[in-house]
Amino acid sequence: MTSTPAAAPVFHELRGNLLLVTVDNPPVNALGVEVRRGLVAAIEAAEANAAARAVLIVGAGRNFIAGADIREFGKPPQMPTLPDVCNRIEACSKPVIVAIHGAALGGGLEIALAAHYRLAVAGAKLGLPEVLLGLLPGAGGTQRTPRLIGAEAALSLMLSGKHIGEQGALKMGLVDRIGQSDDVLAEGLAYAQQLLVEHASVRRTRDAQALADKDAGTAAIAAARADTAKKSRGLLSPLKIVDCVEAALTLPFEEGLRVERARFLECLDSPQRAALVHAFQAEREAQKAPETRSAQPRPIASAGVVGGGTMGAGIAVALLDAGLPVTMIERDDASLARGRAHVEKVYDGLIAKRRLTEDAKAKKLARFAGSTSYDALADADVVIEAVFEDMAVKQAVFAELDRVCKPGAVLATNTSYLDIDAIAAGIARPQDVIGLHFFSPAHIMKLLEVVVPARVSADVVATAFDLAKKLRKVPVRAGVCDGFIGNRMLAVYRAAADHLMEDGASPYQIDKAVRELGFPMGPYQVIDLAGGDIGWATRKRRAATRDPNARYVQIPDRLCERGWFGQKTARGFYRYEDGQRAGKPDPEVDAIIDAERERAGVTPHAFTDEQIVRRYMAAMINEGANVIHERIALRPLDIDVTLMNGFGFPAWRGGPMHYADTVGLPALLADIREFEKQDPLFWKPSPLLVELVERGESFSSLNRAV
Ligand code: 3H9
């Protein structure tokens, strides 16, 4: 047989003396069972056909192969396994060549490493990102990569999960050649012909010698183990990757493969893998808001930013980095100069870290303009307002935008909590008004809440999602309410932390318990970093509307009254000596807390770390359930994406709603009912949580497409 039907996800055909094998499994040629079967069949066909002197494997569409099919994880295995496929390719008696374009990631790169010769064209992305999914390269990657490029480079590739381009791959020895053009098929065919002319023999990566220098390998492994133990706190797969590379150094190939398989299966079965794959899929699902299906985005070729403070400047940088021309508006020349300086400071920081050249900065700034007149925004396709959080100030800005902007311009506000419906209602074109809530620093933080007011038109929502993609942000659709998704939930779980503090836990113990859960920082460290004065201002603003019966812990106010705003004042919940960023517990803070407990009539008692985490998480999840119940978030996954990308929630726990499912909703509801006995106003079980428990369902049952 010389060819397969074109509908199969892998088809092969004889091209002269070559068997050309094409993997065509949209969207990314993932290695599902039919692809694995097709690849083995293709190699068997090559062996059986005397006319085929070599095999060339390419990918159809935009990528070579993006890896194992993550949708198969956690399901019963289907034969052949990917390691078997790679071994079959490597064992082929005829030279197997791969020609790579786009992604060759995970199992995709492992297929390439099992082949005998590798070519890549411009734009190729090679990597072993399994670690980001809680896994390790499990199809021979941990054994072949170090044999091919050495232990140090292999460890760096596998532990970082980073993609490298074709030039880096060539330098590293991961590929043998770079194509002259980006026509991957033509380049692959030419390379294969050249190899045949040169009588190139079969060359198996398992026999490669980059690990011959045992001492260098041992040193790299020891360094990686020490570094990983420090950096990959809580994660399962990184240390297993180091173990596998050690096996590659010390054991024969086949035995190393057995070590890899055992470790891979441990990772595959772990809740971390399930959480990280959920995180990956949820991020993609969150991008598919209903309006992205029902409406076409408006074209965005230029942008305006109103306000040159930290937020406005960060947004301007994000827009500039996406290649857009940006006009910044400020009220006077001095403010404009400060705004521009903020933008430049970001780029200068990158230059100092050698992540940007002066030339590249100049090119970006050539697209940046500033003005003190709103008229400069007449041609902008989108304008993002990032001025002071005050309704009257924002409404005045929008009145100006209404006056100067062209019809169809998208008018966005970066407010964190104000009523966007009210902002929209104040102008003649409410259908163009939307919320784009960036998180600070706006050019770095991935999360973008797309806040959808009642009267906005669907194509404006679609435009916001399209813009998020251009800005490489992770967008989440949110409804209008105080704090939208993220900050609304934050207010509640921070309040729970304050209650714990007043009831007897120290802020230091709370921070430690929350860090041990996997957050990079505890709530009081975050307050110290952001500045206690910000929350203080909000609390004062809300004082008049606060329910007088609701519990209100005054400890943070006592610190602010002393001017202890955190890192910037060298004191907050912690003391920061000599400009150090790591704070030390402060006995004076303990004394203030004691005094406040007394004032509030609270008899303090001890909490275990586990009790702290249970209350903290119960508050977060219960409010998350309310946010879904009120349709502020479309699904639990939207909340998970928000908390993981904007609030430090550990991705390996999959976000609060995924975490809730792992804890079990009945246990969670029982906790909340218990806490309710002490404070019925704060601990009201969410109707959605109650409903799910009654139906015996989990949050994940609500994660359907919208
Ligand atoms: C592995 O290989 C384990 C092995 O070592 C051992 C096995 C024994 N499977 O990201 P996009 C879907 S672990 C299934 O928006 P882009 C994705 O969900 C794997 N589906 O596109 C989305 O679906 P939908 C190691 C996948 O152009 C659609 O493709 N590999 C997979 O921005 C488009 O995705 C990785 O970790 C998959 N592996 O980026 C690579 N990958 O349209 C993971 C994607 O329904 N993938 N989909 O929403 C990526 O990094 C990016 O998708 C890629 C394209 C760079 C390839």
# chains A, B, ... in the order shown; residues from 1 in each chain; ligands from 1
>>> residues_near_ligand(ligand="ligand 1", cutoff="6 Å", atoms="only C-alpha atoms and all ligand atoms", output="list in words")
Pro27, Val28, Ala30, Ala66, Gly67, Ala68, Asp69, Ile70, Arg71, Leu82, Ala103, Leu105, Gly106, Gly107, Pro129, Glu130, Pro137, Gly138, Ala139, Gln281, Arg284 and Glu285 of chain A
>>> write_last_selection(atoms="N, CA, C and O atoms", output="short mmCIF file (atom, residue, chain, number, x, y, z; two decimals), in the first residue's frame")
data_model
loop_
_atom_site.label_atom_id
_atom_site.label_comp_id
_atom_site.auth_asym_id
_atom_site.auth_seq_id
_atom_site.Cartn_x
_atom_site.Cartn_y
_atom_site.Cartn_z
N PRO A 27 -7.24 21.04 15.78
CA PRO A 27 -6.60 22.31 15.39
C PRO A 27 -5.07 22.31 15.48
O PRO A 27 -4.43 23.12 14.84
N VAL A 28 -4.46 21.40 16.26
CA VAL A 28 -3.01 21.55 16.49
C VAL A 28 -2.23 20.25 16.29
O VAL A 28 -1.11 20.10 16.74
N ALA A 30 -2.68 17.33 17.61
CA ALA A 30 -2.38 16.61 18.85
C ALA A 30 -2.38 15.10 18.58
O ALA A 30 -3.04 14.62 17.66
N ALA A 66 1.48 19.56 18.40
CA ALA A 66 1.50 20.31 19.67
C ALA A 66 1.61 19.42 20.90
O ALA A 66 1.60 19.92 22.01
N GLY A 67 1.70 18.10 20.71
CA GLY A 67 1.89 17.22 21.88
C GLY A 67 0.80 16.18 22.00
O GLY A 67 -0.05 16.04 21.10
N ALA A 68 0.85 15.46 23.12
CA ALA A 68 -0.19 14.48 23.40
C ALA A 68 -1.54 15.20 23.42
O ALA A 68 -1.60 16.41 23.64
N ASP A 69 -2.61 14.44 23.18
CA ASP A 69 -3.94 15.04 23.22
C ASP A 69 -4.39 15.13 24.67
O ASP A 69 -4.70 14.10 25.30
N ILE A 70 -4.42 16.35 25.19
CA ILE A 70 -4.70 16.50 26.62
C ILE A 70 -6.12 16.06 26.99
O ILE A 70 -6.40 15.81 28.14
N ARG A 71 -6.98 15.93 26.01
CA ARG A 71 -8.35 15.48 26.32
C ARG A 71 -8.39 13.99 26.68
O ARG A 71 -9.36 13.50 27.22
N LEU A 82 2.14 6.53 23.35
CA LEU A 82 3.07 7.42 22.65
C LEU A 82 4.53 6.95 22.76
O LEU A 82 5.27 7.02 21.77
N ALA A 103 4.42 24.78 16.08
CA ALA A 103 4.71 24.13 17.36
C ALA A 103 5.16 22.69 17.19
O ALA A 103 4.53 21.91 16.49
N LEU A 105 5.80 20.61 20.24
CA LEU A 105 5.81 20.73 21.69
C LEU A 105 5.49 19.39 22.34
O LEU A 105 4.73 18.59 21.79
N GLY A 106 6.06 19.17 23.52
CA GLY A 106 5.75 17.96 24.27
C GLY A 106 5.96 16.73 23.42
O GLY A 106 7.01 16.55 22.79
N GLY A 107 4.91 15.90 23.36
CA GLY A 107 4.98 14.69 22.55
C GLY A 107 5.35 14.97 21.10
O GLY A 107 5.95 14.12 20.43
N PRO A 129 6.81 21.48 27.27
CA PRO A 129 6.05 22.23 28.29
C PRO A 129 5.24 21.34 29.25
O PRO A 129 4.37 21.85 29.95
N GLU A 130 5.51 20.05 29.27
CA GLU A 130 4.70 19.14 30.10
C GLU A 130 4.63 19.61 31.54
O GLU A 130 3.60 19.47 32.21
N PRO A 137 7.92 14.96 30.29
CA PRO A 137 7.92 14.37 28.95
C PRO A 137 7.92 12.84 29.10
O PRO A 137 8.86 12.29 29.66
N GLY A 138 6.87 12.20 28.65
CA GLY A 138 6.68 10.79 28.99
C GLY A 138 6.78 9.86 27.81
O GLY A 138 6.41 8.70 27.90
N ALA A 139 7.28 10.36 26.69
CA ALA A 139 7.43 9.49 25.52
C ALA A 139 8.91 9.44 25.11
O ALA A 139 9.26 9.60 23.95
N GLN A 281 -7.32 24.49 29.84
CA GLN A 281 -8.55 24.47 29.04
C GLN A 281 -9.49 25.61 29.43
O GLN A 281 -10.14 26.20 28.56
N ARG A 284 -8.68 28.86 27.75
CA ARG A 284 -9.13 28.93 26.35
C ARG A 284 -10.65 29.07 26.26
O ARG A 284 -11.17 29.81 25.43
N GLU A 285 -11.35 28.37 27.14
CA GLU A 285 -12.81 28.43 27.13
C GLU A 285 -13.30 29.83 27.52
O GLU A 285 -14.27 30.33 26.96
#
>>> residues_around(residues="Ala442 of chain A", least_positions_apart="2", cutoff="10 Å", atoms="only C-alpha atoms", output="mmCIF file with C-alpha atoms, in the first residue's frame")
data_model
loop_
_atom_site.group_PDB
_atom_site.id
_atom_site.type_symbol
_atom_site.label_atom_id
_atom_site.label_comp_id
_atom_site.auth_asym_id
_atom_site.auth_seq_id
_atom_site.Cartn_x
_atom_site.Cartn_y
_atom_site.Cartn_z
ATOM 1 C CA THR A 310 0.805 54.036 36.841
ATOM 2 C CA MET A 311 -2.270 52.308 35.462
ATOM 3 C CA GLY A 312 -2.658 54.460 32.351
ATOM 4 C CA ALA A 313 1.034 54.146 31.551
ATOM 5 C CA GLY A 314 0.945 50.364 32.038
ATOM 6 C CA ILE A 315 -2.032 50.132 29.680
ATOM 7 C CA ALA A 316 -0.214 52.338 27.164
ATOM 8 C CA VAL A 317 2.801 49.991 27.313
ATOM 9 C CA ALA A 318 0.564 46.961 26.766
ATOM 10 C CA HIS A 437 -10.361 46.139 33.934
ATOM 11 C CA PHE A 438 -6.580 45.721 33.876
ATOM 12 C CA PHE A 439 -4.570 44.622 36.896
ATOM 13 C CA SER A 440 -1.448 46.365 38.070
ATOM 14 C CA ILE A 444 2.607 42.421 32.998
ATOM 15 C CA MET A 445 -0.502 41.019 34.650
ATOM 16 C CA LYS A 446 -2.273 38.606 32.341
ATOM 17 C CA LEU A 447 -5.827 39.063 33.545
ATOM 18 C CA LEU A 448 -8.242 41.394 31.785
ATOM 19 C CA LYS A 473 -4.014 39.029 27.938
#
>>> atom_distance(atom1="atom CA of Ser373 of chain A", atom2="atom CA of Val460 of chain A")
25.1 Å
>>> select_by_dssp(residues="segment 540-593 of chain A", states="strand (DSSP E)", output="list in words")
Tyr574, Arg575, Lys584 and Pro585 of chain A
>>> closest_residue(among="A:Ala619, A:Leu235, A:Val242, A:Leu155", to="Ala275 of chain A", atoms="only C-alpha atoms")
A:Leu235
>>> select_by_dssp(residues="segment 67-245 of chain A", states="helix (DSSP H, G or I)", output="PDB file with C-alpha atoms, in the first residue's frame")
ATOM      1  CA  ILE A  70      -4.697  16.500  26.623  1.00  0.00           C
ATOM      2  CA  ARG A  71      -8.350  15.482  26.319  1.00  0.00           C
ATOM      3  CA  GLU A  72      -7.280  11.834  26.677  1.00  0.00           C
ATOM      4  CA  LEU A  82       3.065   7.424  22.646  1.00  0.00           C
ATOM      5  CA  PRO A  83       6.320   5.932  23.972  1.00  0.00           C
ATOM      6  CA  ASP A  84       5.633   2.884  21.753  1.00  0.00           C
ATOM      7  CA  VAL A  85       5.095   5.132  18.756  1.00  0.00           C
ATOM      8  CA  CYS A  86       8.357   6.978  19.382  1.00  0.00           C
ATOM      9  CA  ASN A  87      10.248   3.705  19.818  1.00  0.00           C
ATOM     10  CA  ARG A  88       8.774   2.393  16.576  1.00  0.00           C
ATOM     11  CA  ILE A  89       9.846   5.514  14.704  1.00  0.00           C
ATOM     12  CA  GLU A  90      13.356   5.349  16.131  1.00  0.00           C
ATOM     13  CA  ALA A  91      13.665   1.650  15.334  1.00  0.00           C
ATOM     14  CA  GLY A 107       4.980  14.687  22.552  1.00  0.00           C
ATOM     15  CA  GLY A 108       5.401  16.524  19.236  1.00  0.00           C
ATOM     16  CA  LEU A 109       9.036  17.219  20.008  1.00  0.00           C
ATOM     17  CA  GLU A 110       9.411  13.700  21.346  1.00  0.00           C
ATOM     18  CA  ILE A 111       8.311  12.360  17.944  1.00  0.00           C
ATOM     19  CA  ALA A 112      10.946  14.616  16.373  1.00  0.00           C
ATOM     20  CA  LEU A 113      13.605  13.385  18.791  1.00  0.00           C
ATOM     21  CA  ALA A 114      12.737   9.785  17.976  1.00  0.00           C
ATOM     22  CA  PRO A 129       6.048  22.229  28.292  1.00  0.00           C
ATOM     23  CA  GLU A 130       4.698  19.141  30.098  1.00  0.00           C
ATOM     24  CA  VAL A 131       5.789  20.597  33.450  1.00  0.00           C
ATOM     25  CA  LEU A 132       3.196  23.346  32.994  1.00  0.00           C
ATOM     26  CA  LEU A 133       0.514  20.655  32.873  1.00  0.00           C
ATOM     27  CA  GLY A 141      11.756  12.923  26.113  1.00  0.00           C
ATOM     28  CA  THR A 142      13.540  12.741  29.447  1.00  0.00           C
ATOM     29  CA  GLN A 143      15.895  10.094  28.065  1.00  0.00           C
ATOM     30  CA  ARG A 144      16.505  11.291  24.516  1.00  0.00           C
ATOM     31  CA  THR A 145      16.791  15.037  25.156  1.00  0.00           C
ATOM     32  CA  PRO A 146      19.769  14.854  27.550  1.00  0.00           C
ATOM     33  CA  ARG A 147      21.489  12.300  25.328  1.00  0.00           C
ATOM     34  CA  LEU A 148      21.129  14.727  22.433  1.00  0.00           C
ATOM     35  CA  ILE A 149      21.844  18.136  24.024  1.00  0.00           C
ATOM     36  CA  ALA A 151      21.814  17.285  30.924  1.00  0.00           C
ATOM     37  CA  GLU A 152      21.978  21.011  31.642  1.00  0.00           C
ATOM     38  CA  ALA A 153      20.222  22.202  28.487  1.00  0.00           C
ATOM     39  CA  ALA A 154      17.683  19.364  28.697  1.00  0.00           C
ATOM     40  CA  LEU A 155      16.852  20.192  32.314  1.00  0.00           C
ATOM     41  CA  SER A 156      16.432  23.845  31.506  1.00  0.00           C
ATOM     42  CA  LEU A 157      14.062  23.010  28.646  1.00  0.00           C
ATOM     43  CA  MET A 158      11.992  20.572  30.700  1.00  0.00           C
ATOM     44  CA  LEU A 159      11.893  22.492  33.984  1.00  0.00           C
ATOM     45  CA  SER A 160      11.007  25.848  32.432  1.00  0.00           C
ATOM     46  CA  GLU A 166      14.553  27.454  15.362  1.00  0.00           C
ATOM     47  CA  GLN A 167      17.832  29.351  15.855  1.00  0.00           C
ATOM     48  CA  GLY A 168      18.025  28.446  19.532  1.00  0.00           C
ATOM     49  CA  ALA A 169      17.145  24.854  18.689  1.00  0.00           C
ATOM     50  CA  LEU A 170      19.937  24.664  16.123  1.00  0.00           C
ATOM     51  CA  LYS A 171      22.459  26.129  18.534  1.00  0.00           C
ATOM     52  CA  MET A 172      21.415  23.664  21.199  1.00  0.00           C
ATOM     53  CA  VAL A 184       8.245  23.411   5.228  1.00  0.00           C
ATOM     54  CA  LEU A 185       7.302  20.694   2.762  1.00  0.00           C
ATOM     55  CA  ALA A 186       9.736  21.849   0.082  1.00  0.00           C
ATOM     56  CA  GLU A 187      12.492  22.238   2.658  1.00  0.00           C
ATOM     57  CA  GLY A 188      11.793  18.824   4.143  1.00  0.00           C
ATOM     58  CA  LEU A 189      11.743  17.137   0.756  1.00  0.00           C
ATOM     59  CA  ALA A 190      15.011  18.812  -0.258  1.00  0.00           C
ATOM     60  CA  TYR A 191      16.712  17.845   2.994  1.00  0.00           C
ATOM     61  CA  ALA A 192      15.524  14.249   2.717  1.00  0.00           C
ATOM     62  CA  GLN A 193      16.812  14.031  -0.872  1.00  0.00           C
ATOM     63  CA  GLN A 194      20.161  15.411   0.183  1.00  0.00           C
ATOM     64  CA  LEU A 195      20.416  12.843   2.984  1.00  0.00           C
ATOM     65  CA  LEU A 196      19.611  10.066   0.496  1.00  0.00           C
ATOM     66  CA  VAL A 197      22.234  11.332  -1.952  1.00  0.00           C
ATOM     67  CA  THR A 205      19.038   9.561  19.452  1.00  0.00           C
ATOM     68  CA  ARG A 206      19.229   6.802  22.079  1.00  0.00           C
ATOM     69  CA  ASP A 207      22.838   6.329  20.914  1.00  0.00           C
ATOM     70  CA  LYS A 214      29.439  12.108  33.441  1.00  0.00           C
ATOM     71  CA  ASP A 215      30.861  14.738  35.781  1.00  0.00           C
ATOM     72  CA  ALA A 216      29.200  17.605  33.928  1.00  0.00           C
ATOM     73  CA  GLY A 217      25.911  15.692  33.934  1.00  0.00           C
ATOM     74  CA  THR A 218      26.133  14.909  37.645  1.00  0.00           C
ATOM     75  CA  ALA A 219      26.850  18.558  38.470  1.00  0.00           C
ATOM     76  CA  ALA A 220      23.936  19.784  36.342  1.00  0.00           C
ATOM     77  CA  ILE A 221      21.571  17.332  38.012  1.00  0.00           C
ATOM     78  CA  ALA A 222      22.683  18.304  41.532  1.00  0.00           C
ATOM     79  CA  ALA A 223      22.276  22.009  40.729  1.00  0.00           C
ATOM     80  CA  ALA A 224      18.848  21.452  39.174  1.00  0.00           C
ATOM     81  CA  ARG A 225      17.691  19.372  42.140  1.00  0.00           C
ATOM     82  CA  ALA A 226      18.698  22.035  44.654  1.00  0.00           C
ATOM     83  CA  ASP A 227      17.187  24.836  42.586  1.00  0.00           C
ATOM     84  CA  THR A 228      13.976  22.924  41.910  1.00  0.00           C
ATOM     85  CA  ALA A 229      13.434  22.023  45.557  1.00  0.00           C
ATOM     86  CA  LYS A 230      13.591  25.749  46.308  1.00  0.00           C
ATOM     87  CA  LYS A 231      11.586  27.150  43.411  1.00  0.00           C
ATOM     88  CA  SER A 237       6.567  16.903  38.486  1.00  0.00           C
ATOM     89  CA  PRO A 238       9.735  19.085  38.508  1.00  0.00           C
ATOM     90  CA  LEU A 239      11.692  16.867  40.904  1.00  0.00           C
ATOM     91  CA  LYS A 240      10.534  13.818  38.995  1.00  0.00           C
ATOM     92  CA  ILE A 241      11.967  15.371  35.834  1.00  0.00           C
ATOM     93  CA  VAL A 242      15.328  15.680  37.593  1.00  0.00           C
ATOM     94  CA  ASP A 243      15.068  12.022  38.696  1.00  0.00           C
ATOM     95  CA  CYS A 244      14.440  10.966  35.109  1.00  0.00           C
ATOM     96  CA  VAL A 245      17.436  12.889  33.785  1.00  0.00           C
TER      97      VAL A 245
END
>>> atom_distance(atom1="atom CA of Asn63 of chain A", atom2="atom CA of His101 of chain A")
5.6 Å
>>> closest_residue(among="A:Leu669, A:Arg354, A:Asp679, A:Glu44", to="Glu691 of chain A", atoms="only C-alpha atoms")
A:Leu669
>>> residues_around(residues="Asp321 of chain A", least_positions_apart="4", cutoff="12 Å", atoms="only C-alpha atoms", output="MDAnalysis selection string")
chainID A and resid 314:317 325:326 343 346:347 356 360:361 363:365 367:368 442:444 470:473
>>> write_last_selection(atoms="N, CA and C atoms", output="mmCIF file, in the first residue's frame")
data_model
loop_
_atom_site.group_PDB
_atom_site.id
_atom_site.type_symbol
_atom_site.label_atom_id
_atom_site.label_comp_id
_atom_site.auth_asym_id
_atom_site.auth_seq_id
_atom_site.Cartn_x
_atom_site.Cartn_y
_atom_site.Cartn_z
ATOM 1 N N GLY A 314 0.834 51.813 32.242
ATOM 2 C CA GLY A 314 0.945 50.364 32.038
ATOM 3 C C GLY A 314 0.072 49.906 30.875
ATOM 4 N N ILE A 315 -1.130 50.486 30.789
ATOM 5 C CA ILE A 315 -2.032 50.132 29.680
ATOM 6 C C ILE A 315 -1.422 50.614 28.356
ATOM 7 N N ALA A 316 -0.850 51.814 28.384
ATOM 8 C CA ALA A 316 -0.214 52.338 27.164
ATOM 9 C C ALA A 316 0.910 51.401 26.711
ATOM 10 N N VAL A 317 1.706 50.903 27.664
ATOM 11 C CA VAL A 317 2.801 49.991 27.313
ATOM 12 C C VAL A 317 2.233 48.710 26.695
ATOM 13 N N PRO A 325 -0.435 52.211 17.601
ATOM 14 C CA PRO A 325 -0.098 53.597 17.941
ATOM 15 C C PRO A 325 -0.984 54.047 19.100
ATOM 16 N N VAL A 326 -0.395 54.800 20.037
ATOM 17 C CA VAL A 326 -1.133 55.167 21.248
ATOM 18 C C VAL A 326 -1.041 56.673 21.488
ATOM 19 N N VAL A 343 5.933 55.594 31.147
ATOM 20 C CA VAL A 343 6.055 54.639 30.031
ATOM 21 C C VAL A 343 7.542 54.333 29.788
ATOM 22 N N VAL A 346 9.266 51.943 32.247
ATOM 23 C CA VAL A 346 9.043 50.508 32.021
ATOM 24 C C VAL A 346 10.072 49.984 31.021
ATOM 25 N N TYR A 347 10.239 50.720 29.922
ATOM 26 C CA TYR A 347 11.173 50.254 28.888
ATOM 27 C C TYR A 347 12.620 50.325 29.371
ATOM 28 N N LEU A 356 15.440 44.395 26.291
ATOM 29 C CA LEU A 356 15.007 45.308 25.234
ATOM 30 C C LEU A 356 16.226 46.123 24.821
ATOM 31 N N ALA A 360 14.855 49.217 19.950
ATOM 32 C CA ALA A 360 13.474 48.721 20.034
ATOM 33 C C ALA A 360 12.611 49.694 20.838
ATOM 34 N N LYS A 361 13.192 50.266 21.892
ATOM 35 C CA LYS A 361 12.451 51.256 22.687
ATOM 36 C C LYS A 361 12.083 52.460 21.801
ATOM 37 N N LYS A 363 11.694 52.558 18.662
ATOM 38 C CA LYS A 363 10.645 52.189 17.688
ATOM 39 C C LYS A 363 9.273 52.193 18.358
ATOM 40 N N LYS A 364 9.212 51.698 19.580
ATOM 41 C CA LYS A 364 7.921 51.673 20.280
ATOM 42 C C LYS A 364 7.471 53.109 20.571
ATOM 43 N N LEU A 365 8.401 53.929 21.060
ATOM 44 C CA LEU A 365 8.020 55.290 21.440
ATOM 45 C C LEU A 365 7.663 56.149 20.227
ATOM 46 N N ARG A 367 5.656 55.338 18.167
ATOM 47 C CA ARG A 367 4.201 55.185 18.001
ATOM 48 C C ARG A 367 3.417 55.844 19.139
ATOM 49 N N PHE A 368 4.143 56.497 20.053
ATOM 50 C CA PHE A 368 3.501 57.076 21.225
ATOM 51 C C PHE A 368 3.377 58.589 21.064
ATOM 52 N N ALA A 442 -0.119 46.812 34.634
ATOM 53 C CA ALA A 442 -1.006 46.453 33.525
ATOM 54 C C ALA A 442 -0.276 45.840 32.330
ATOM 55 N N HIS A 443 1.015 46.140 32.182
ATOM 56 C CA HIS A 443 1.723 45.566 31.034
ATOM 57 C C HIS A 443 2.215 44.156 31.351
ATOM 58 N N ILE A 444 2.107 43.744 32.618
ATOM 59 C CA ILE A 444 2.607 42.421 32.998
ATOM 60 C C ILE A 444 1.472 41.465 33.348
ATOM 61 N N LYS A 470 -4.774 40.462 21.121
ATOM 62 C CA LYS A 470 -3.659 41.256 20.591
ATOM 63 C C LYS A 470 -2.703 41.642 21.725
ATOM 64 N N LEU A 471 -3.261 41.936 22.898
ATOM 65 C CA LEU A 471 -2.445 42.361 24.042
ATOM 66 C C LEU A 471 -1.854 41.174 24.797
ATOM 67 N N ARG A 472 -2.134 39.963 24.326
ATOM 68 C CA ARG A 472 -1.701 38.719 24.985
ATOM 69 C C ARG A 472 -2.189 38.647 26.432
ATOM 70 N N LYS A 473 -3.403 39.108 26.618
ATOM 71 C CA LYS A 473 -4.014 39.029 27.938
ATOM 72 C C LYS A 473 -4.947 37.821 27.993
#
>>> residues_around(residues="segment 530-542 of chain A", least_positions_apart="2", cutoff="9 Å", atoms="only C-alpha atoms", output="PyMOL selection string")
chain A and resi 525-528+544-546+556-557+559-560+563-569+572
>>> residues_around(residues="Arg331 of chain A", least_positions_apart="5", cutoff="12 Å", atoms="only C-alpha atoms", output="PDB file with N, CA and C atoms, in the first residue's frame")
ATOM      1  N   VAL A 306      -6.618  57.657  28.414  1.00  0.00           N
ATOM      2  CA  VAL A 306      -6.820  58.890  29.182  1.00  0.00           C
ATOM      3  C   VAL A 306      -6.276  58.660  30.584  1.00  0.00           C
ATOM      4  N   GLY A 307      -5.266  59.429  30.940  1.00  0.00           N
ATOM      5  CA  GLY A 307      -4.642  59.286  32.264  1.00  0.00           C
ATOM      6  C   GLY A 307      -3.266  58.656  32.134  1.00  0.00           C
ATOM      7  N   GLY A 308      -2.277  59.328  32.712  1.00  0.00           N
ATOM      8  CA  GLY A 308      -0.888  58.858  32.588  1.00  0.00           C
ATOM      9  C   GLY A 308      -0.301  58.406  33.909  1.00  0.00           C
ATOM     10  N   GLY A 309      -1.164  58.015  34.853  1.00  0.00           N
ATOM     11  CA  GLY A 309      -0.650  57.462  36.114  1.00  0.00           C
ATOM     12  C   GLY A 309      -0.087  56.069  35.876  1.00  0.00           C
ATOM     13  N   LEU A 336       1.392  65.178  31.603  1.00  0.00           N
ATOM     14  CA  LEU A 336       1.704  64.415  30.396  1.00  0.00           C
ATOM     15  C   LEU A 336       3.161  63.963  30.414  1.00  0.00           C
ATOM     16  N   ALA A 337       4.037  64.871  30.829  1.00  0.00           N
ATOM     17  CA  ALA A 337       5.471  64.514  30.900  1.00  0.00           C
ATOM     18  C   ALA A 337       5.667  63.374  31.889  1.00  0.00           C
ATOM     19  N   ARG A 338       4.931  63.430  33.000  1.00  0.00           N
ATOM     20  CA  ARG A 338       5.036  62.337  33.985  1.00  0.00           C
ATOM     21  C   ARG A 338       4.519  61.026  33.392  1.00  0.00           C
ATOM     22  N   GLY A 339       3.427  61.111  32.642  1.00  0.00           N
ATOM     23  CA  GLY A 339       2.860  59.917  32.001  1.00  0.00           C
ATOM     24  C   GLY A 339       3.863  59.286  31.047  1.00  0.00           C
ATOM     25  N   GLY A 370       1.392  62.231  22.854  1.00  0.00           N
ATOM     26  CA  GLY A 370       0.668  62.734  24.016  1.00  0.00           C
ATOM     27  C   GLY A 370      -0.017  64.040  23.670  1.00  0.00           C
ATOM     28  N   SER A 371      -1.081  64.327  24.379  1.00  0.00           N
ATOM     29  CA  SER A 371      -1.772  65.598  24.146  1.00  0.00           C
ATOM     30  C   SER A 371      -2.540  66.001  25.403  1.00  0.00           C
ATOM     31  N   THR A 372      -2.744  67.301  25.534  1.00  0.00           N
ATOM     32  CA  THR A 372      -3.596  67.771  26.631  1.00  0.00           C
ATOM     33  C   THR A 372      -4.996  68.084  26.108  1.00  0.00           C
ATOM     34  N   SER A 373      -5.206  67.798  24.816  1.00  0.00           N
ATOM     35  CA  SER A 373      -6.522  68.060  24.232  1.00  0.00           C
ATOM     36  C   SER A 373      -7.174  66.749  23.798  1.00  0.00           C
ATOM     37  N   TYR A 374      -8.420  66.570  24.223  1.00  0.00           N
ATOM     38  CA  TYR A 374      -9.156  65.361  23.836  1.00  0.00           C
ATOM     39  C   TYR A 374      -9.305  65.244  22.324  1.00  0.00           C
ATOM     40  N   VAL A 387      -8.451  57.147  34.693  1.00  0.00           N
ATOM     41  CA  VAL A 387      -8.275  58.302  35.579  1.00  0.00           C
ATOM     42  C   VAL A 387      -8.723  57.930  36.988  1.00  0.00           C
ATOM     43  N   VAL A 397     -14.935  62.673  31.833  1.00  0.00           N
ATOM     44  CA  VAL A 397     -14.061  62.146  30.768  1.00  0.00           C
ATOM     45  C   VAL A 397     -14.918  61.579  29.637  1.00  0.00           C
TER      46      VAL A 397
END
>>> residues_around(residues="Ile510 of chain A", least_positions_apart="5", cutoff="10 Å", atoms="only C-alpha atoms", output="VMD selection string")
chain A and resid 497 to 498 500 to 501 505 515 to 516 522 to 524 607 to 609 612 to 613 616
>>> closest_residue(among="A:Lys684, A:Ala392, A:Val383, A:Leu436", to="Ile423 of chain A", atoms="only C-alpha atoms")
A:Ala392
